[in-house]
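Asks: Let me give you the structure first, and then I'll get to my questions.
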Amino acid sequence: MDVVVGRIAKAHGIRGELAVDVRTDSPDERFKVGAAVTTKLRDGSKRELTIAAAREHSGRLLVRFEEVLTRDVAETLRGALLLADTDTLPPTSDPDEFYDHELAGLRAELADGTVVGKVVEVVHSPAGELLELDVDGRSALVPFVRAIVPTVDVAGGRVVLDPPEGLLDA
């Protein structure tokens, strides 16, 4: 299974460097020189690329790939997702840290055990992470904060919610 570790925002400069929005807590590992990443292009096709260099710049990572030598080639990668195999992810040492793929598919229930839906995905927004839930066929966004999601039980296949009134209403 693949997990998104970044998204290519745009080309940078004339030599094929790319600005990447990082979506991993371990960018030093994921974007180290020589590491291979799979790109999922906007048309759905995939391509393997090898990291030649990476450096921080203005809140993003600037990455140069061995296979991308010009700005024209870099432009074709705009919007591509950078993927890593979940089997290669290091275990989390913090019991309150989770990978997105671990949360997708978990049952969402209230403290009394009432099932309200299922976690579809984790949405990363500038304001913080949100759990997108499928609630009776419609989408509901729940802030992924301890006050609203006090329990995450990956082994038990569930998240427990304590939503404020109206959060899950249609």
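Residues are referred to by chain and number: the chain letter is A, B, ... according to the order shown in the structure tokens, the number counts from 1 in that chain, and ligands are numbered separately from 1 in the order shown.
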Write out as a ChimeraX atom specification which residues come within 7 Å of stretch 11-25 of chain A when counting only C-alpha atoms, dropping same-chain ones fewer than 6 positions away.
Replies: /A:4-5,60-64,68-71,73-75,78
Asks: Please extract the residues of chain A with a backbone DSSP assignment of helix (DSSP H, G or I) and present them as number ranges by chain.
Replies: A: 27-30, 71-75, 86-88, 100-103
Asks: Identify which of the residues A:Thr50, A:Thr151, A:Ser93, A:Ser125 lies closest to A:Gly34, counting only C-alpha atoms when measuring atom-to-atom distances.
Replies: A:Thr50
Asks: Report, in Å to a single decimal, how far apart atom CA of A:Glu56 and atom CA of A:Asp28 are.
Replies: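 We find that atom CA of A:Asp28 and atom CA of A:Glu56 lie 10.6 Å from each other.
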Asks: Among stretch 11-132 of chain A, which residues does DSSP mark as strand (DSSP E) when it is run on the backbone? Keep the chain and numbering as in the structure and answer as a ChimeraX atom specification.
Replies: /A:11-12,17-22,36-40,46-57,60-65,81-85,107-110,115-125,128-132
Asks: For A:Leu141, please output as a count of residues only all residues within 8 Å (counting only C-alpha atoms; exclusion window: fewer than 5 positions along the same chain).
Replies: 4
Asks: What's around stretch 99-115 of chain A at 8 Å? Count only C-alpha atoms, leave out sequence neighbours fewer than 2 positions away in its own chain, and write the answer as number ranges by chain.
Replies: A: 3, 97, 117-122, 133, 154, 157-162
Asks: Find, counting only C-alpha atoms, the residue in A:Asp72, A:Glu48, A:Asp85, A:Asp96 that gets nearest to A:Val149.
Replies: A:Asp96
Asks: I need the residue nearest A:Ala35 from this list: A:Asp169, A:Asp153, A:Leu49, A:Leu81. Use only C-alpha atoms for the distance.
Replies: A:Leu49
Asks: For atom CA of A:Asp136 and atom CA of A:Gly44, quote the distance in Å rounded to one decimal.
Replies: 28.9 Å
Asks: In Å, rounded to a single decimal, give me how far atom CA of A:Ala84 is from atom CA of A:Val135.
Replies: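 Distance between the two atoms: 29.3 Å.
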